[in-house]
$ cat protein_19.txt   # compact mmCIF, C-alpha atoms
# COMPACT_ATOMS: atom_id res chain seq x y z
CA MET A 129 0.00 0.00 0.00
CA THR A 130 1.09 3.64 -0.48
CA ALA A 131 1.00 6.70 1.72
CA ASP A 132 -1.42 8.40 -0.69
CA PRO A 133 -4.97 7.90 0.64
CA ASP A 134 -6.45 7.69 -2.88
CA THR A 135 -3.89 5.19 -4.22
CA ARG A 136 -3.36 1.49 -3.54
CA VAL A 137 -0.59 -0.89 -4.63
CA TRP A 138 -0.54 -4.69 -4.59
CA GLY A 139 2.33 -7.03 -5.27
CA SER A 140 5.99 -6.52 -6.06
CA GLY A 141 6.29 -8.42 -9.32
CA PRO A 142 8.46 -7.27 -12.23
CA ALA A 143 5.66 -6.02 -14.52
CA PRO A 144 4.30 -2.54 -13.64
CA ALA A 145 0.52 -2.27 -14.06
CA LEU A 146 -2.02 0.50 -13.58
CA ALA A 147 -5.73 -0.22 -13.00
CA ILE A 148 -8.63 2.22 -13.45
CA HIS A 149 -11.94 1.45 -11.73
CA CYS A 150 -15.57 1.78 -12.85
CA THR A 151 -18.22 4.42 -12.20
CA LEU A 152 -19.35 4.49 -8.55
CA GLY A 153 -16.33 2.37 -7.63
CA HIS A 154 -12.94 3.11 -6.08
CA SER A 155 -9.38 1.85 -6.26
CA GLY A 156 -9.97 -0.83 -3.63
CA MET A 157 -12.14 -2.76 -6.07
CA TRP A 158 -8.93 -4.05 -7.67
CA ARG A 159 -7.82 -5.81 -4.48
CA GLY A 160 -8.71 -9.34 -5.64
CA VAL A 161 -7.13 -8.94 -9.07
CA GLY A 162 -4.07 -7.30 -7.54
CA GLN A 163 -3.60 -10.09 -5.03
CA HIS A 164 -3.85 -12.76 -7.73
CA LEU A 165 -1.28 -10.88 -9.83
CA ALA A 166 1.00 -10.09 -6.90
CA ALA A 167 3.82 -12.46 -7.89
CA SER A 168 3.99 -11.23 -11.48
CA THR A 169 3.08 -7.55 -11.30
CA THR A 170 3.15 -4.46 -9.16
CA LEU A 171 -0.42 -3.23 -9.58
CA THR A 172 -1.25 0.38 -8.78
CA ALA A 173 -4.84 1.64 -8.59
CA PHE A 174 -6.06 5.17 -7.91
CA ASP A 175 -9.40 6.83 -7.20
CA LEU A 176 -10.95 8.70 -10.13
CA PRO A 177 -12.21 12.25 -9.52
CA GLY A 178 -15.36 12.19 -7.40
CA HIS A 179 -14.67 8.65 -6.18
CA GLY A 180 -13.12 7.14 -3.09
CA ARG A 181 -10.85 9.67 -1.43
CA ALA A 182 -10.10 11.68 -4.55
CA PRO A 183 -11.29 15.30 -4.79
CA ASP A 184 -14.84 15.84 -6.00
CA TRP A 185 -15.52 16.70 -9.60
CA ASP A 186 -16.52 20.37 -9.85
CA GLY A 187 -19.12 19.70 -12.55
CA THR A 188 -17.62 22.22 -14.96
CA ASP A 189 -14.43 20.67 -16.35
CA ASP A 190 -14.71 17.83 -18.85
CA LEU A 191 -14.98 14.78 -16.57
CA HIS A 192 -13.30 12.33 -18.95
CA ARG A 193 -10.38 14.71 -19.48
CA ALA A 194 -10.12 15.19 -15.70
CA CYS A 195 -9.95 11.41 -15.25
CA CYS A 196 -7.21 11.12 -17.86
CA ASP A 197 -5.30 13.93 -16.17
CA ALA A 198 -5.59 12.14 -12.82
CA ALA A 199 -3.89 9.10 -14.38
CA GLN A 200 -0.99 11.07 -15.83
CA PRO A 201 1.28 10.97 -12.74
CA PHE A 202 1.19 7.15 -12.86
CA LEU A 203 2.43 7.05 -16.46
CA ASP A 204 5.97 7.96 -15.47
CA ARG A 205 7.12 4.73 -17.14
CA PRO A 206 5.51 2.28 -19.58
CA VAL A 207 2.82 0.23 -17.80
CA HIS A 208 0.35 -2.54 -18.44
CA LEU A 209 -2.90 -0.60 -18.38
CA ILE A 210 -6.14 -2.20 -17.14
CA GLY A 211 -9.54 -0.50 -17.12
CA HIS A 212 -13.05 -1.54 -16.19
CA SER A 213 -16.28 -0.04 -17.56
CA PHE A 214 -15.96 3.77 -17.54
CA GLY A 215 -12.39 3.28 -16.37
CA ALA A 216 -11.76 1.24 -19.49
CA THR A 217 -12.81 4.19 -21.65
CA VAL A 218 -10.26 6.30 -19.78
CA ALA A 219 -7.62 3.60 -20.33
CA LEU A 220 -8.44 3.46 -24.03
CA ARG A 221 -7.99 7.21 -24.41
CA LEU A 222 -4.70 7.12 -22.51
CA ALA A 223 -3.42 4.35 -24.77
CA ILE A 224 -4.32 6.42 -27.84
CA GLU A 225 -2.85 9.65 -26.50
CA HIS A 226 0.28 8.06 -24.98
CA PRO A 227 0.93 4.76 -26.77
CA GLU A 228 4.59 4.88 -25.80
CA LYS A 229 3.53 4.63 -22.14
CA VAL A 230 1.33 1.54 -22.51
CA ARG A 231 2.89 -1.91 -22.82
CA SER A 232 -0.43 -3.74 -22.97
CA LEU A 233 -4.06 -2.71 -22.65
CA THR A 234 -6.85 -4.67 -20.97
CA LEU A 235 -10.35 -3.25 -21.46
CA ILE A 236 -13.02 -4.93 -19.36
CA GLU A 237 -16.41 -3.97 -20.80
CA PRO A 238 -15.58 -0.40 -21.85
CA VAL A 239 -18.87 1.51 -21.89
CA PHE A 240 -17.83 3.44 -24.97
CA PHE A 241 -21.26 3.62 -26.57
CA ALA A 242 -19.88 5.91 -29.28
CA ALA A 243 -18.19 2.86 -30.81
CA LEU A 244 -21.59 1.81 -32.20
CA PRO A 245 -23.65 3.69 -34.79
CA GLU A 246 -26.81 5.32 -33.46
CA ALA A 247 -28.83 3.05 -35.76
CA GLU A 248 -27.28 -0.10 -34.27
CA PRO A 249 -30.18 -2.16 -32.79
CA ALA A 250 -28.13 -2.84 -29.67
CA GLN A 251 -28.17 0.90 -28.94
CA ALA A 252 -31.96 1.01 -28.93
CA ASP A 253 -32.14 -2.10 -26.77
CA HIS A 254 -29.73 -0.60 -24.27
CA LEU A 255 -31.57 2.72 -24.14
CA ALA A 256 -34.74 0.81 -23.28
CA GLU A 257 -32.88 -0.98 -20.45
CA ALA A 258 -31.35 2.26 -19.19
CA ALA A 259 -34.53 4.36 -19.45
CA PRO A 260 -35.66 3.81 -15.82
CA TYR A 261 -32.42 5.05 -14.22
CA ILE A 262 -32.09 7.87 -16.77
CA ALA A 263 -35.60 9.05 -15.84
CA ALA A 264 -34.66 8.95 -12.15
CA LEU A 265 -31.49 10.94 -12.91
CA ASN A 266 -33.52 13.55 -14.78
CA ASP A 267 -35.75 13.82 -11.71
CA ARG A 268 -32.65 14.08 -9.51
CA ASP A 269 -33.87 11.12 -7.50
CA TYR A 270 -30.34 9.83 -7.01
CA ALA A 271 -31.25 7.09 -4.55
CA LEU A 272 -33.67 5.53 -7.02
CA ALA A 273 -31.25 6.14 -9.91
CA ALA A 274 -28.48 4.32 -8.04
CA ARG A 275 -30.75 1.38 -7.29
CA LEU A 276 -31.81 1.05 -10.95
CA PHE A 277 -28.27 1.66 -12.24
CA ASN A 278 -26.98 -1.08 -9.94
CA ARG A 279 -29.67 -3.45 -11.18
CA LEU A 280 -28.29 -3.13 -14.72
CA TRP A 281 -24.55 -2.74 -14.06
CA GLY A 282 -24.02 -4.25 -10.61
CA ASP A 283 -22.84 -7.67 -9.46
CA GLY A 284 -26.31 -9.12 -8.98
CA THR A 285 -26.60 -8.33 -5.27
CA ARG A 286 -30.11 -7.12 -4.38
CA TRP A 287 -30.19 -3.47 -3.37
CA PRO A 288 -31.57 -4.15 0.15
CA ASP A 289 -28.70 -6.61 0.72
CA ILE A 290 -26.02 -4.00 -0.03
CA PRO A 291 -24.73 -2.29 3.14
CA GLU A 292 -26.28 1.12 3.75
CA THR A 293 -22.89 2.84 3.54
CA ALA A 294 -22.31 1.39 0.07
CA ARG A 295 -25.83 2.34 -1.07
CA GLN A 296 -25.27 5.90 0.11
CA TYR A 297 -21.83 6.00 -1.54
CA MET A 298 -23.36 5.09 -4.91
CA SER A 299 -26.34 7.43 -4.54
CA ASP A 300 -24.06 10.35 -3.69
CA ARG A 301 -22.11 9.81 -6.91
CA MET A 302 -24.89 9.32 -9.44
CA TYR A 303 -24.42 12.96 -10.47
CA LEU A 304 -21.22 11.81 -12.19
CA VAL A 305 -23.06 9.60 -14.68
CA PRO A 306 -24.43 12.41 -16.90
CA GLY A 307 -20.99 14.03 -16.81
CA GLN A 308 -19.58 11.04 -18.68
CA SER A 309 -21.91 11.35 -21.66
CA PRO A 310 -19.91 13.88 -23.72
CA ALA A 311 -17.03 11.39 -23.90
CA ILE A 312 -18.65 7.97 -23.97
CA ILE A 313 -21.76 8.80 -26.00
CA ASP A 314 -20.89 11.94 -27.99
CA ASP A 315 -17.18 11.07 -28.42
CA ASN A 316 -16.05 14.61 -27.72
CA ALA A 317 -12.42 13.40 -27.76
CA GLY A 318 -12.79 12.14 -31.33
CA LEU A 319 -11.59 8.61 -30.65
CA MET A 320 -13.77 7.20 -33.43
CA ARG A 321 -12.32 9.46 -36.11
CA PRO A 322 -10.48 7.59 -38.89
CA GLY A 323 -7.02 6.47 -37.82
CA VAL A 324 -7.33 7.42 -34.15
CA LEU A 325 -8.09 4.06 -32.53
CA GLU A 326 -5.40 2.53 -34.70
CA ARG A 327 -2.76 4.46 -32.73
CA ALA A 328 -3.20 1.91 -29.92
CA SER A 329 -0.97 -0.71 -31.55
CA MET A 330 0.04 -2.47 -28.32
CA PRO A 331 -1.46 -5.90 -27.44
CA VAL A 332 -5.08 -5.31 -26.41
CA LEU A 333 -7.50 -7.61 -24.59
CA LEU A 334 -11.22 -6.84 -24.77
CA MET A 335 -12.91 -8.77 -21.97
CA ARG A 336 -16.54 -9.18 -20.89
CA GLY A 337 -18.59 -11.41 -18.64
CA ASP A 338 -20.81 -13.75 -20.61
CA GLN A 339 -23.76 -12.71 -18.40
CA SER A 340 -23.24 -8.98 -18.95
CA PRO A 341 -25.57 -6.59 -20.77
CA GLU A 342 -25.60 -7.52 -24.44
CA ILE A 343 -24.41 -4.13 -25.58
CA THR A 344 -20.99 -4.84 -24.07
CA ARG A 345 -20.49 -7.63 -26.60
CA HIS A 346 -21.25 -5.28 -29.47
CA ILE A 347 -18.96 -2.54 -28.15
CA ASN A 348 -16.07 -4.96 -27.65
CA ALA A 349 -16.52 -6.36 -31.15
CA ALA A 350 -16.65 -2.88 -32.70
CA LEU A 351 -13.44 -1.84 -30.94
CA ALA A 352 -11.71 -5.11 -31.86
CA ARG A 353 -12.33 -4.37 -35.54
CA ARG A 354 -10.36 -1.14 -35.24
CA LEU A 355 -7.61 -1.87 -32.72
CA PRO A 356 -4.62 -3.41 -34.56
CA ALA A 357 -3.65 -6.10 -32.02
CA ALA A 358 -6.90 -6.87 -30.21
CA THR A 359 -8.17 -10.16 -28.81
CA LEU A 360 -11.70 -10.83 -27.54
CA CYS A 361 -12.45 -13.02 -24.54
CA SER A 362 -15.31 -13.70 -22.12
CA VAL A 363 -15.40 -14.83 -18.51
CA ALA A 364 -17.85 -17.69 -17.98
CA GLY A 365 -20.57 -17.01 -15.45
CA ALA A 366 -19.52 -13.40 -14.88
CA GLY A 367 -21.52 -10.22 -15.22
CA HIS A 368 -20.35 -6.64 -15.50
CA MET A 369 -18.48 -6.68 -12.18
CA ALA A 370 -16.11 -9.49 -13.13
CA PRO A 371 -13.05 -7.85 -11.48
CA LEU A 372 -14.90 -8.21 -8.17
CA THR A 373 -16.80 -11.46 -8.62
CA HIS A 374 -14.29 -13.38 -10.76
CA ALA A 375 -10.99 -11.82 -9.77
CA SER A 376 -8.95 -15.00 -10.21
CA GLU A 377 -10.21 -15.61 -13.75
CA VAL A 378 -9.71 -11.97 -14.72
CA ALA A 379 -6.18 -11.98 -13.29
CA ARG A 380 -5.29 -15.17 -15.14
CA VAL A 381 -6.23 -13.72 -18.52
CA VAL A 382 -4.56 -10.39 -17.77
CA ARG A 383 -1.36 -12.19 -16.81
CA SER A 384 -1.40 -14.08 -20.12
CA LEU A 385 -1.65 -10.80 -22.02
CA ILE A 386 1.19 -9.30 -19.99
CA GLU A 387 3.34 -12.32 -20.81
CA VAL A 388 2.73 -11.73 -24.51
CA ALA A 389 3.63 -8.07 -24.15
CA GLU A 390 6.74 -8.98 -22.17
CA GLU A 391 7.90 -11.17 -25.07
CA GLY A 392 6.99 -14.52 -23.59
CA VAL A 393 8.52 -14.03 -20.15
CA ASP A 394 6.93 -16.52 -17.70
CA LEU A 395 5.21 -14.37 -15.10
CA ARG A 396 2.92 -17.00 -13.65
CA GLY A 397 4.42 -16.95 -10.18
CA GLY A 398 1.30 -18.48 -8.67
CA ASP A 399 -2.21 -17.57 -7.70

$ encode --input "protein_19.txt" --output "structure tokens"
Amino acid sequence: MTADPDTRVWGSGPAPALAIHCTLGHSGMWRGVGQHLAASTTLTAFDLPGHGRAPDWDGTDDLHRACCDAAQPFLDRPVHLIGHSFGATVALRLAIEHPEKVRSLTLIEPVFFAALPEAEPAQADHLAEAAPYIAALNDRDYALAARLFNRLWGDGTRWPDIPETARQYMSDRMYLVPGQSPAIIDDNAGLMRPGVLERASMPVLLMRGDQSPEITRHINAALARRLPAATLCSVAGAGHMAPLTHASEVARVVRSLIEVAEEGVDLRGGD
């Protein structure tokens, strides 16, 4: 662990890795993955703006840009970059903007809806699924919005069974969700422009749980068609929160990708 309250480190292995968490999460959500990778990597995770112990987002700056800027101090050397959900969209942008700093890229269900055309049927299906929590957000009923958001993107735990502190934590941060839209829906960073995604030429793994919302399969496939060295994989029995619920399986696949990026070095160490 580090002295920084918004940063955590697991392991002391030879491969440096940086992990970026999902919306409504925090850096501690990488604990299981970090522990399973401890012999092969040194995994650092930090809290995104508005999450964990990081400063709040002021609601005026571009949130996605602010998240990328928060990651910059950890890119002081080339790392194996791992992102989950919204954090995966941040990781993707970092890999495009700083390819020389990323040795491999693992994207676990990046919610980069801009990767799909508006006319894509999966978009309409997802909007229908998301409509209840979007309506609650528009009404500023953040407690209800968090409950409905968790139903779609959570780990399957019933809302009443989640500890009150965790429910309040998520409700307090639902205001961040609309702030992500300019980047992940409108693509204000221009990642989908011709030739931009192709800058991420490092080995890339696009991962999803096979029980996750169907739109994640379509997004991963769309990104895989553009990223030069991408591989698709799924985690059996997992939903959207695979880094929490299936940490061992996620770590095993990540370690395999890191071995490829490290030119076949055996980093297995042990689980």

$ residues_around --input "protein_19.txt" --residues "Ala352 of chain A" --least-positions-apart "6" --cutoff "10 Å" --atoms "only C-alpha atoms" --output "list in words"
Leu325, Val332, Leu333, Leu334, His346, Ala358, Thr359 and Leu360 of chain A

$ residues_around --input "protein_19.txt" --residues "Ser340 of chain A" --least-positions-apart "6" --cutoff "8 Å" --atoms "all atoms listed in the file" --output "MDAnalysis selection string"
chainID A and resid 366:368

$ residues_around --input "protein_19.txt" --residues "Cys196 of chain A" --least-positions-apart "3" --cutoff "8 Å" --atoms "all atoms listed in the file" --output "list of chain:residue names"
A:His192, A:Arg193, A:Ala199, A:Gln200, A:Val218, A:Ala219, A:Arg221, A:Leu222

$ residues_around --input "protein_19.txt" --residues "segment 227-235 of chain A" --least-positions-apart "3" --cutoff "9 Å" --atoms "only C-alpha atoms" --output "PyMOL selection string"
chain A and resi 203-213+215-217+219-220+222-224+238+327-336+348+382+385-386+388-390

$ closest_residue --input "protein_19.txt" --among "A:Asp269, A:Glu387, A:Asp134, A:Asp186" --to "Gly156 of chain A" --atoms "all atoms listed in the file"
A:Asp134

$ closest_residue --input "protein_19.txt" --among "A:Ala147, A:Val161, A:Leu319, A:Met298" --to "Gly282 of chain A" --atoms "all atoms listed in the file"
A:Met298

$ residues_near_point --input "protein_19.txt" --point "(-34.4, 0.8, -7.7)" --cutoff "12 Å" --atoms "all atoms listed in the file" --output "ChimeraX atom specification"
/A:258,260-265,269-280,282,286-288,295,299

$ closest_residue --input "protein_19.txt" --among "A:Ala317, A:Leu171, A:Cys150, A:Ala182" --to "Ala370 of chain A" --atoms "all atoms listed in the file"
A:Cys150

$ atom_distance --input "protein_19.txt" --atom1 "atom CA of Pro142 of chain A" --atom2 "atom CA of Thr170 of chain A"
6.7 Å

$ closest_residue --input "protein_19.txt" --among "A:Asp283, A:Glu377, A:Asp190, A:Asp338" --to "Ala364 of chain A" --atoms "all atoms listed in the file"
A:Asp338

$ atom_distance --input "protein_19.txt" --atom1 "atom CA of Ile236 of chain A" --atom2 "atom CA of Glu292 of chain A"
27.3 Å

$ atom_distance --input "protein_19.txt" --atom1 "atom CA of Pro183 of chain A" --atom2 "atom CA of Ile312 of chain A"
21.8 Å

$ closest_residue --input "protein_19.txt" --among "A:Ser140, A:Thr135, A:Gln251, A:Thr188" --to "Ser168 of chain A" --atoms "only C-alpha atoms"
A:Ser140

$ build_atoms --input "protein_19.txt" --residues "segment 268-279 of chain A" --atoms "all heavy atoms" --output "PDB file, in the coordinates of the input"
ATOM      1  N   ARG A 268     -33.594  13.884 -10.604  1.00  0.00           N
ATOM      2  CA  ARG A 268     -32.650  14.080  -9.510  1.00  0.00           C
ATOM      3  C   ARG A 268     -32.995  13.229  -8.283  1.00  0.00           C
ATOM      4  O   ARG A 268     -32.700  13.598  -7.140  1.00  0.00           O
ATOM      5  CB  ARG A 268     -32.521  15.554  -9.123  1.00  0.00           C
ATOM      6  CG  ARG A 268     -31.967  16.404 -10.261  1.00  0.00           C
ATOM      7  CD  ARG A 268     -31.581  17.783  -9.810  1.00  0.00           C
ATOM      8  NE  ARG A 268     -30.985  18.539 -10.907  1.00  0.00           N
ATOM      9  CZ  ARG A 268     -30.467  19.754 -10.792  1.00  0.00           C
ATOM     10  NH1 ARG A 268     -30.470  20.355  -9.607  1.00  0.00           N
ATOM     11  NH2 ARG A 268     -29.957  20.374 -11.830  1.00  0.00           N
ATOM     12  N   ASP A 269     -33.615  12.097  -8.553  1.00  0.00           N
ATOM     13  CA  ASP A 269     -33.870  11.120  -7.500  1.00  0.00           C
ATOM     14  C   ASP A 269     -32.684  10.152  -7.509  1.00  0.00           C
ATOM     15  O   ASP A 269     -32.746   9.063  -8.072  1.00  0.00           O
ATOM     16  CB  ASP A 269     -35.184  10.383  -7.761  1.00  0.00           C
ATOM     17  CG  ASP A 269     -35.580   9.471  -6.607  1.00  0.00           C
ATOM     18  OD1 ASP A 269     -34.712   9.162  -5.759  1.00  0.00           O
ATOM     19  OD2 ASP A 269     -36.752   9.053  -6.561  1.00  0.00           O
ATOM     20  N   TYR A 270     -31.595  10.566  -6.885  1.00  0.00           N
ATOM     21  CA  TYR A 270     -30.340   9.830  -7.010  1.00  0.00           C
ATOM     22  C   TYR A 270     -30.362   8.491  -6.294  1.00  0.00           C
ATOM     23  O   TYR A 270     -29.682   7.554  -6.708  1.00  0.00           O
ATOM     24  CB  TYR A 270     -29.178  10.686  -6.516  1.00  0.00           C
ATOM     25  CG  TYR A 270     -28.912  11.890  -7.394  1.00  0.00           C
ATOM     26  CD1 TYR A 270     -28.642  13.136  -6.841  1.00  0.00           C
ATOM     27  CD2 TYR A 270     -28.949  11.782  -8.783  1.00  0.00           C
ATOM     28  CE1 TYR A 270     -28.407  14.248  -7.645  1.00  0.00           C
ATOM     29  CE2 TYR A 270     -28.717  12.881  -9.595  1.00  0.00           C
ATOM     30  CZ  TYR A 270     -28.446  14.111  -9.017  1.00  0.00           C
ATOM     31  OH  TYR A 270     -28.219  15.202  -9.821  1.00  0.00           O
ATOM     32  N   ALA A 271     -31.148   8.373  -5.237  1.00  0.00           N
ATOM     33  CA  ALA A 271     -31.250   7.090  -4.550  1.00  0.00           C
ATOM     34  C   ALA A 271     -31.905   6.053  -5.460  1.00  0.00           C
ATOM     35  O   ALA A 271     -31.430   4.913  -5.589  1.00  0.00           O
ATOM     36  CB  ALA A 271     -32.013   7.235  -3.251  1.00  0.00           C
ATOM     37  N   LEU A 272     -33.003   6.433  -6.094  1.00  0.00           N
ATOM     38  CA  LEU A 272     -33.670   5.530  -7.020  1.00  0.00           C
ATOM     39  C   LEU A 272     -32.785   5.267  -8.244  1.00  0.00           C
ATOM     40  O   LEU A 272     -32.683   4.126  -8.717  1.00  0.00           O
ATOM     41  CB  LEU A 272     -35.007   6.105  -7.467  1.00  0.00           C
ATOM     42  CG  LEU A 272     -35.782   5.292  -8.514  1.00  0.00           C
ATOM     43  CD1 LEU A 272     -36.099   3.894  -7.994  1.00  0.00           C
ATOM     44  CD2 LEU A 272     -37.061   6.022  -8.928  1.00  0.00           C
ATOM     45  N   ALA A 273     -32.128   6.306  -8.747  1.00  0.00           N
ATOM     46  CA  ALA A 273     -31.250   6.140  -9.910  1.00  0.00           C
ATOM     47  C   ALA A 273     -30.141   5.149  -9.605  1.00  0.00           C
ATOM     48  O   ALA A 273     -29.811   4.295 -10.440  1.00  0.00           O
ATOM     49  CB  ALA A 273     -30.671   7.487 -10.326  1.00  0.00           C
ATOM     50  N   ALA A 274     -29.558   5.237  -8.417  1.00  0.00           N
ATOM     51  CA  ALA A 274     -28.480   4.320  -8.040  1.00  0.00           C
ATOM     52  C   ALA A 274     -28.993   2.889  -7.967  1.00  0.00           C
ATOM     53  O   ALA A 274     -28.316   1.950  -8.407  1.00  0.00           O
ATOM     54  CB  ALA A 274     -27.866   4.739  -6.711  1.00  0.00           C
ATOM     55  N   ARG A 275     -30.176   2.729  -7.405  1.00  0.00           N
ATOM     56  CA  ARG A 275     -30.750   1.380  -7.290  1.00  0.00           C
ATOM     57  C   ARG A 275     -30.972   0.772  -8.678  1.00  0.00           C
ATOM     58  O   ARG A 275     -30.625  -0.387  -8.923  1.00  0.00           O
ATOM     59  CB  ARG A 275     -32.070   1.452  -6.526  1.00  0.00           C
ATOM     60  CG  ARG A 275     -32.753   0.106  -6.353  1.00  0.00           C
ATOM     61  CD  ARG A 275     -33.957   0.215  -5.453  1.00  0.00           C
ATOM     62  NE  ARG A 275     -34.503  -1.092  -5.118  1.00  0.00           N
ATOM     63  CZ  ARG A 275     -35.217  -1.353  -4.039  1.00  0.00           C
ATOM     64  NH1 ARG A 275     -35.465  -0.392  -3.166  1.00  0.00           N
ATOM     65  NH2 ARG A 275     -35.679  -2.571  -3.805  1.00  0.00           N
ATOM     66  N   LEU A 276     -31.521   1.551  -9.604  1.00  0.00           N
ATOM     67  CA  LEU A 276     -31.810   1.050 -10.950  1.00  0.00           C
ATOM     68  C   LEU A 276     -30.526   0.873 -11.759  1.00  0.00           C
ATOM     69  O   LEU A 276     -30.401  -0.079 -12.537  1.00  0.00           O
ATOM     70  CB  LEU A 276     -32.757   2.012 -11.651  1.00  0.00           C
ATOM     71  CG  LEU A 276     -34.143   2.134 -11.002  1.00  0.00           C
ATOM     72  CD1 LEU A 276     -34.938   3.260 -11.643  1.00  0.00           C
ATOM     73  CD2 LEU A 276     -34.901   0.814 -11.080  1.00  0.00           C
ATOM     74  N   PHE A 277     -29.570   1.765 -11.578  1.00  0.00           N
ATOM     75  CA  PHE A 277     -28.270   1.660 -12.240  1.00  0.00           C
ATOM     76  C   PHE A 277     -27.565   0.378 -11.789  1.00  0.00           C
ATOM     77  O   PHE A 277     -27.014  -0.370 -12.600  1.00  0.00           O
ATOM     78  CB  PHE A 277     -27.427   2.884 -11.906  1.00  0.00           C
ATOM     79  CG  PHE A 277     -26.098   2.960 -12.610  1.00  0.00           C
ATOM     80  CD1 PHE A 277     -25.980   3.565 -13.851  1.00  0.00           C
ATOM     81  CD2 PHE A 277     -24.953   2.452 -12.014  1.00  0.00           C
ATOM     82  CE1 PHE A 277     -24.751   3.663 -14.492  1.00  0.00           C
ATOM     83  CE2 PHE A 277     -23.720   2.540 -12.643  1.00  0.00           C
ATOM     84  CZ  PHE A 277     -23.618   3.141 -13.887  1.00  0.00           C
ATOM     85  N   ASN A 278     -27.617   0.118 -10.485  1.00  0.00           N
ATOM     86  CA  ASN A 278     -26.980  -1.080  -9.940  1.00  0.00           C
ATOM     87  C   ASN A 278     -27.647  -2.351 -10.440  1.00  0.00           C
ATOM     88  O   ASN A 278     -26.993  -3.377 -10.638  1.00  0.00           O
ATOM     89  CB  ASN A 278     -27.013  -1.028  -8.414  1.00  0.00           C
ATOM     90  CG  ASN A 278     -26.300  -2.189  -7.770  1.00  0.00           C
ATOM     91  OD1 ASN A 278     -25.075  -2.259  -7.767  1.00  0.00           O
ATOM     92  ND2 ASN A 278     -27.055  -3.125  -7.212  1.00  0.00           N
ATOM     93  N   ARG A 279     -28.958  -2.292 -10.664  1.00  0.00           N
ATOM     94  CA  ARG A 279     -29.670  -3.450 -11.180  1.00  0.00           C
ATOM     95  C   ARG A 279     -29.135  -3.851 -12.561  1.00  0.00           C
ATOM     96  O   ARG A 279     -29.028  -5.044 -12.872  1.00  0.00           O
ATOM     97  CB  ARG A 279     -31.161  -3.155 -11.262  1.00  0.00           C
ATOM     98  CG  ARG A 279     -32.000  -4.328 -11.757  1.00  0.00           C
ATOM     99  CD  ARG A 279     -33.472  -3.936 -11.835  1.00  0.00           C
ATOM    100  NE  ARG A 279     -34.009  -3.595 -10.522  1.00  0.00           N
ATOM    101  CZ  ARG A 279     -35.211  -3.060 -10.331  1.00  0.00           C
ATOM    102  NH1 ARG A 279     -35.994  -2.778 -11.367  1.00  0.00           N
ATOM    103  NH2 ARG A 279     -35.637  -2.805  -9.109  1.00  0.00           N
TER     104      ARG A 279
END
